[in-house]
2 protein chains.
Amino acid sequence: MDEITILQAEILKVLASPRRLEILHRLADGPMDVGRLATETHASQPNVSQHLAVLRTAGLVEAERDGREVHYRLTDPDVIRACDLMRGVLGRRLTRLGELAAPVLPAKSGSRSAPRDLATARS
Amino acid sequence: MDEITILQAEILKVLASPRRLEILHRLADGPMDVGRLATETHASQPNVSQHLAVLRTAGLVEAERDGREVHYRLTDPDVIRACDLMRGVLGRRLTRLGELAAPVLPAKSGSRSAPRDLATARS
DNA sequence: GGCACTCATGCGCGCATGCGCATATGACGG
DNA sequence: CCGTCATATGCGCATGCGCGCATGAGTGCC
């Protein structure tokens, strides 16, 4: 098994967390400190700090101290691009499921309908 | 928390597995049956089947029966593109680490503890 | 120095996940 | 039918992860 693949899985494992995705998404708009991230994501400060530590260990974000605050920023914007690609895949997936199950539903943004469970569609 | 983000994390969680990444990587070159995948990835057949089930449930691959065999194929090529982007991020990351402190690269096969942690570089 | 603020870390628990293994289902041929 | 090949599924165990909580560490202000 390729060594790179293992490392890649490591990175993906780090990304495979709603909270961390949310954090990265916020950081995509520019650097931010921990407290603000905690507030905006409605999570506790230690929790956010832990997630940031994970992201930092994986090399996805970088930290810089500014007074009392610590500002985090994305290391590589391609991470966001990759996430957006994934989001596109997901979107197409939901659209396809919607076509199969839903008669007429304009899939506008904010439509959080049924597809809680991915799949459920088999051939 | 955005619903989409949760689903995205679900997808990423599915991708965060070396074996599944390897499977997807093989499927990128065209459809393949379970036995062949098991052989090429040096994994047991039940194991591969389980991973394929996970990938199928996540909607990343699709299955089609052909006689006794079941051929699996990628649902969306963008998954591979996203993985490649991640690989690029990883590559840049390793390069940067190499520039900072690269007297040796002890990446011997079988030893998955060499670049085990991706960071260890702090400011 | 003492205090307030911001962030990081350690701990313990509950829960999900991956694996090997045995076995069930499904399909083709004789 | 029955044996065989190809695939899927159930089980049990060990491991890892996320979370809340309390606490430690670093910084600036008075």
# chains A, B, ... in the order shown; residues from 1 in each chain; ligands from 1
>>> interface_residues(of="chain C", to="chain B", cutoff="8 Å", atoms="only C-alpha atoms (C1' of nucleotides)", output="list in words")
DC19, DG26, DA27 and DC28 of chain C
>>> write_last_selection(atoms="N, CA and C atoms (P, O5', C5', C4', C3', O3' and C1' of nucleotides)", output="short mmCIF file (atom, residue, chain, number, x, y, z; two decimals), in the first residue's frame")
data_model
loop_
_atom_site.label_atom_id
_atom_site.label_comp_id
_atom_site.auth_asym_id
_atom_site.auth_seq_id
_atom_site.Cartn_x
_atom_site.Cartn_y
_atom_site.Cartn_z
P DC C 19 -9.74 -2.02 7.92
"O5'" DC C 19 -9.53 -3.46 8.56
"C5'" DC C 19 -8.52 -3.64 9.54
"C4'" DC C 19 -8.78 -4.91 10.32
"C3'" DC C 19 -9.03 -6.14 9.45
"O3'" DC C 19 -7.81 -6.87 9.29
"C1'" DC C 19 -10.52 -6.02 11.35
P DG C 26 -30.74 -14.28 -2.04
"O5'" DG C 26 -29.93 -13.82 -3.34
"C5'" DG C 26 -28.56 -13.56 -3.25
"C4'" DG C 26 -27.86 -13.72 -4.59
"C3'" DG C 26 -28.69 -14.39 -5.68
"O3'" DG C 26 -28.32 -13.80 -6.92
"C1'" DG C 26 -26.75 -15.68 -5.27
P DA C 27 -29.09 -14.21 -8.29
"O5'" DA C 27 -27.90 -14.99 -9.02
"C5'" DA C 27 -26.72 -14.27 -9.36
"C4'" DA C 27 -25.74 -15.18 -10.08
"C3'" DA C 27 -26.35 -15.94 -11.26
"O3'" DA C 27 -25.39 -15.98 -12.32
"C1'" DA C 27 -25.40 -17.47 -9.75
P DC C 28 -25.90 -16.09 -13.83
"O5'" DC C 28 -25.20 -17.43 -14.34
"C5'" DC C 28 -23.79 -17.44 -14.52
"C4'" DC C 28 -23.25 -18.83 -14.31
"C3'" DC C 28 -23.73 -19.87 -15.31
"O3'" DC C 28 -22.67 -20.19 -16.20
"C1'" DC C 28 -23.63 -20.74 -13.08
#
>>> residues_around(residues="Glu64 (chain A)", least_positions_apart="3", cutoff="10 Å", atoms="only C-alpha atoms (C1' of nucleotides)", output="PyMOL selection string")
(chain A and resi 31+33+67+69-73) or (chain B and resi 123)
>>> write_last_selection(atoms="N, CA and C atoms", output="PDB file, in the first residue's frame")
ATOM      1  N   PRO A  31      -8.149  35.027   8.485  1.00  0.00           N
ATOM      2  CA  PRO A  31      -7.711  34.550   9.801  1.00  0.00           C
ATOM      3  C   PRO A  31      -8.705  34.928  10.886  1.00  0.00           C
ATOM      4  N   ASP A  33      -9.422  34.450  15.452  1.00  0.00           N
ATOM      5  CA  ASP A  33      -8.925  33.946  16.736  1.00  0.00           C
ATOM      6  C   ASP A  33      -9.872  32.894  17.290  1.00  0.00           C
ATOM      7  N   GLY A  67      -0.778  39.250  20.775  1.00  0.00           N
ATOM      8  CA  GLY A  67      -1.233  39.659  22.102  1.00  0.00           C
ATOM      9  C   GLY A  67      -1.755  38.452  22.839  1.00  0.00           C
ATOM     10  N   GLU A  69      -4.568  37.011  22.016  1.00  0.00           N
ATOM     11  CA  GLU A  69      -5.260  36.153  21.057  1.00  0.00           C
ATOM     12  C   GLU A  69      -4.285  35.358  20.195  1.00  0.00           C
ATOM     13  N   VAL A  70      -4.804  34.286  19.653  1.00  0.00           N
ATOM     14  CA  VAL A  70      -4.037  33.492  18.701  1.00  0.00           C
ATOM     15  C   VAL A  70      -4.835  33.424  17.410  1.00  0.00           C
ATOM     16  N   HIS A  71      -4.244  33.927  16.365  1.00  0.00           N
ATOM     17  CA  HIS A  71      -4.941  33.947  15.086  1.00  0.00           C
ATOM     18  C   HIS A  71      -4.573  32.727  14.260  1.00  0.00           C
ATOM     19  N   TYR A  72      -5.601  32.068  13.787  1.00  0.00           N
ATOM     20  CA  TYR A  72      -5.397  30.894  12.935  1.00  0.00           C
ATOM     21  C   TYR A  72      -5.730  31.245  11.497  1.00  0.00           C
ATOM     22  N   ARG A  73      -4.964  30.640  10.596  1.00  0.00           N
ATOM     23  CA  ARG A  73      -5.257  30.863   9.176  1.00  0.00           C
ATOM     24  C   ARG A  73      -4.979  29.578   8.413  1.00  0.00           C
TER      25      ARG A  73
ATOM     26  N   SER B 123       6.034  27.129  15.435  1.00  0.00           N
ATOM     27  CA  SER B 123       6.696  28.428  15.308  1.00  0.00           C
ATOM     28  C   SER B 123       7.089  29.016  16.646  1.00  0.00           C
TER      29      SER B 123
END
>>> select_by_dssp(residues="chain A", states="helix (DSSP H, G or I)", output="PyMOL selection string")
chain A and resi 3-15+18-27+34-40+45-57+78-101
>>> write_last_selection(atoms="C-alpha atoms", output="mmCIF file, in the first residue's frame")
data_model
loop_
_atom_site.group_PDB
_atom_site.id
_atom_site.type_symbol
_atom_site.label_atom_id
_atom_site.label_comp_id
_atom_site.auth_asym_id
_atom_site.auth_seq_id
_atom_site.Cartn_x
_atom_site.Cartn_y
_atom_site.Cartn_z
ATOM 1 C CA GLU A 3 2.686 5.441 1.865
ATOM 2 C CA ILE A 4 1.211 8.588 0.388
ATOM 3 C CA THR A 5 -2.220 7.032 0.470
ATOM 4 C CA ILE A 6 -1.911 6.455 4.186
ATOM 5 C CA LEU A 7 -0.944 10.064 4.770
ATOM 6 C CA GLN A 8 -3.768 11.183 2.554
ATOM 7 C CA ALA A 9 -6.189 9.142 4.621
ATOM 8 C CA GLU A 10 -4.753 10.825 7.674
ATOM 9 C CA ILE A 11 -5.559 14.229 6.226
ATOM 10 C CA LEU A 12 -9.026 13.161 5.221
ATOM 11 C CA LYS A 13 -9.644 11.755 8.660
ATOM 12 C CA VAL A 14 -8.862 15.161 10.057
ATOM 13 C CA LEU A 15 -11.300 16.734 7.626
ATOM 14 C CA PRO A 18 -18.392 18.744 10.878
ATOM 15 C CA ARG A 19 -16.868 21.053 13.439
ATOM 16 C CA ARG A 20 -13.499 21.090 11.789
ATOM 17 C CA LEU A 21 -15.103 21.647 8.409
ATOM 18 C CA GLU A 22 -17.004 24.542 9.852
ATOM 19 C CA ILE A 23 -13.834 25.969 11.317
ATOM 20 C CA LEU A 24 -12.013 25.667 8.015
ATOM 21 C CA HIS A 25 -14.928 27.236 6.248
ATOM 22 C CA ARG A 26 -14.783 30.234 8.526
ATOM 23 C CA LEU A 27 -11.051 30.508 8.138
ATOM 24 C CA VAL A 34 -10.117 31.054 18.859
ATOM 25 C CA GLY A 35 -12.772 32.851 20.836
ATOM 26 C CA ARG A 36 -14.473 34.186 17.747
ATOM 27 C CA LEU A 37 -14.418 30.771 16.177
ATOM 28 C CA ALA A 38 -15.914 29.291 19.313
ATOM 29 C CA THR A 39 -18.662 31.900 19.354
ATOM 30 C CA GLU A 40 -19.538 31.637 15.699
ATOM 31 C CA GLN A 45 -13.602 27.152 23.648
ATOM 32 C CA PRO A 46 -11.711 23.998 24.708
ATOM 33 C CA ASN A 47 -13.486 22.051 22.013
ATOM 34 C CA VAL A 48 -12.515 24.514 19.312
ATOM 35 C CA SER A 49 -8.990 24.613 20.649
ATOM 36 C CA GLN A 50 -8.738 20.864 20.452
ATOM 37 C CA HIS A 51 -10.001 20.799 16.908
ATOM 38 C CA LEU A 52 -7.592 23.544 15.974
ATOM 39 C CA ALA A 53 -4.787 21.522 17.494
ATOM 40 C CA VAL A 54 -5.757 18.595 15.310
ATOM 41 C CA LEU A 55 -5.899 20.789 12.227
ATOM 42 C CA ARG A 56 -2.567 22.331 13.115
ATOM 43 C CA THR A 57 -0.951 18.964 13.672
ATOM 44 C CA ASP A 78 -6.432 24.084 -2.058
ATOM 45 C CA VAL A 79 -7.940 22.403 0.984
ATOM 46 C CA ILE A 80 -10.957 24.611 0.575
ATOM 47 C CA ARG A 81 -11.016 23.908 -3.142
ATOM 48 C CA ALA A 82 -10.995 20.197 -2.474
ATOM 49 C CA CYS A 83 -13.771 20.615 0.056
ATOM 50 C CA ASP A 84 -15.777 22.592 -2.463
ATOM 51 C CA LEU A 85 -15.287 19.833 -5.009
ATOM 52 C CA MET A 86 -16.589 17.375 -2.456
ATOM 53 C CA ARG A 87 -19.483 19.659 -1.832
ATOM 54 C CA GLY A 88 -20.202 19.607 -5.524
ATOM 55 C CA VAL A 89 -20.164 15.848 -5.551
ATOM 56 C CA LEU A 90 -22.532 15.878 -2.615
ATOM 57 C CA GLY A 91 -24.781 18.384 -4.299
ATOM 58 C CA ARG A 92 -25.025 16.342 -7.454
ATOM 59 C CA ARG A 93 -25.697 13.316 -5.323
ATOM 60 C CA LEU A 94 -28.551 14.986 -3.493
ATOM 61 C CA THR A 95 -29.925 16.328 -6.751
ATOM 62 C CA ARG A 96 -29.964 12.861 -8.216
ATOM 63 C CA LEU A 97 -31.690 11.490 -5.141
ATOM 64 C CA GLY A 98 -34.140 14.351 -5.324
ATOM 65 C CA GLU A 99 -34.959 13.556 -8.922
ATOM 66 C CA LEU A 100 -35.733 9.999 -7.997
ATOM 67 C CA ALA A 101 -37.808 10.631 -4.914
#
>>> atom_distance(atom1="C1' of DC13 (chain C)", atom2="CA of Ala58 (chain A)")
25.9 Å
>>> atom_distance(atom1="CA of Val61 (chain B)", atom2="CA of His42 (chain B)")
20.1 Å
>>> interface_residues(of="chain D", to="chain B", cutoff="9 Å", atoms="only C-alpha atoms (C1' of nucleotides)", output="VMD selection string")
chain D and resid 5 to 9
>>> closest_residue(among="A:Asp2, A:Asp76, A:Ala16, A:Glu62", to="Met32 (chain A)", atoms="only C-alpha atoms")
A:Glu62
>>> select_by_dssp(residues="chain A", states="strand (DSSP E)", output="list in words")
Met32, Asp33, Val61, Glu62, Ala63, Glu64, Arg65, Asp66, Glu69, Val70, His71, Tyr72, Arg73 and Leu74 of chain A
>>> residues_around(residues="DG10 (chain C)", least_positions_apart="6", cutoff="10 Å", atoms="only C-alpha atoms (C1' of nucleotides)", output="PyMOL selection string")
chain D and resi 22-24
>>> closest_residue(among="B:Gly30, B:Gly59, B:Arg65, B:Thr75", to="chain A", atoms="only C-alpha atoms")
B:Gly59
>>> atom_distance(atom1="C1' of DA16 (chain C)", atom2="C1' of DC17 (chain D)")
8.4 Å
>>> decode(residues="region 8-25 of chain C", atoms="C-alpha atoms (C1' of nucleotides)", output="short mmCIF file (atom, residue, chain, number, x, y, z; two decimals), in the first residue's frame")
data_model
loop_
_atom_site.label_atom_id
_atom_site.label_comp_id
_atom_site.auth_asym_id
_atom_site.auth_seq_id
_atom_site.Cartn_x
_atom_site.Cartn_y
_atom_site.Cartn_z
"C1'" DA C 8 -4.14 24.96 25.64
"C1'" DT C 9 -4.03 20.48 27.91
"C1'" DG C 10 -5.23 16.30 30.68
"C1'" DC C 11 -8.82 13.07 32.05
"C1'" DG C 12 -12.58 9.87 31.75
"C1'" DC C 13 -16.50 8.03 29.44
"C1'" DG C 14 -19.53 6.58 25.76
"C1'" DC C 15 -19.76 5.36 21.10
"C1'" DA C 16 -18.51 4.26 16.58
"C1'" DT C 17 -15.21 1.80 13.43
"C1'" DG C 18 -12.09 -1.59 11.42
"C1'" DC C 19 -10.52 -6.02 11.35
"C1'" DG C 20 -10.51 -11.23 11.04
"C1'" DC C 21 -13.30 -14.98 10.92
"C1'" DA C 22 -17.12 -17.91 9.92
"C1'" DT C 23 -21.06 -18.19 7.32
"C1'" DA C 24 -25.13 -16.89 4.47
"C1'" DT C 25 -26.92 -15.51 -0.25
#
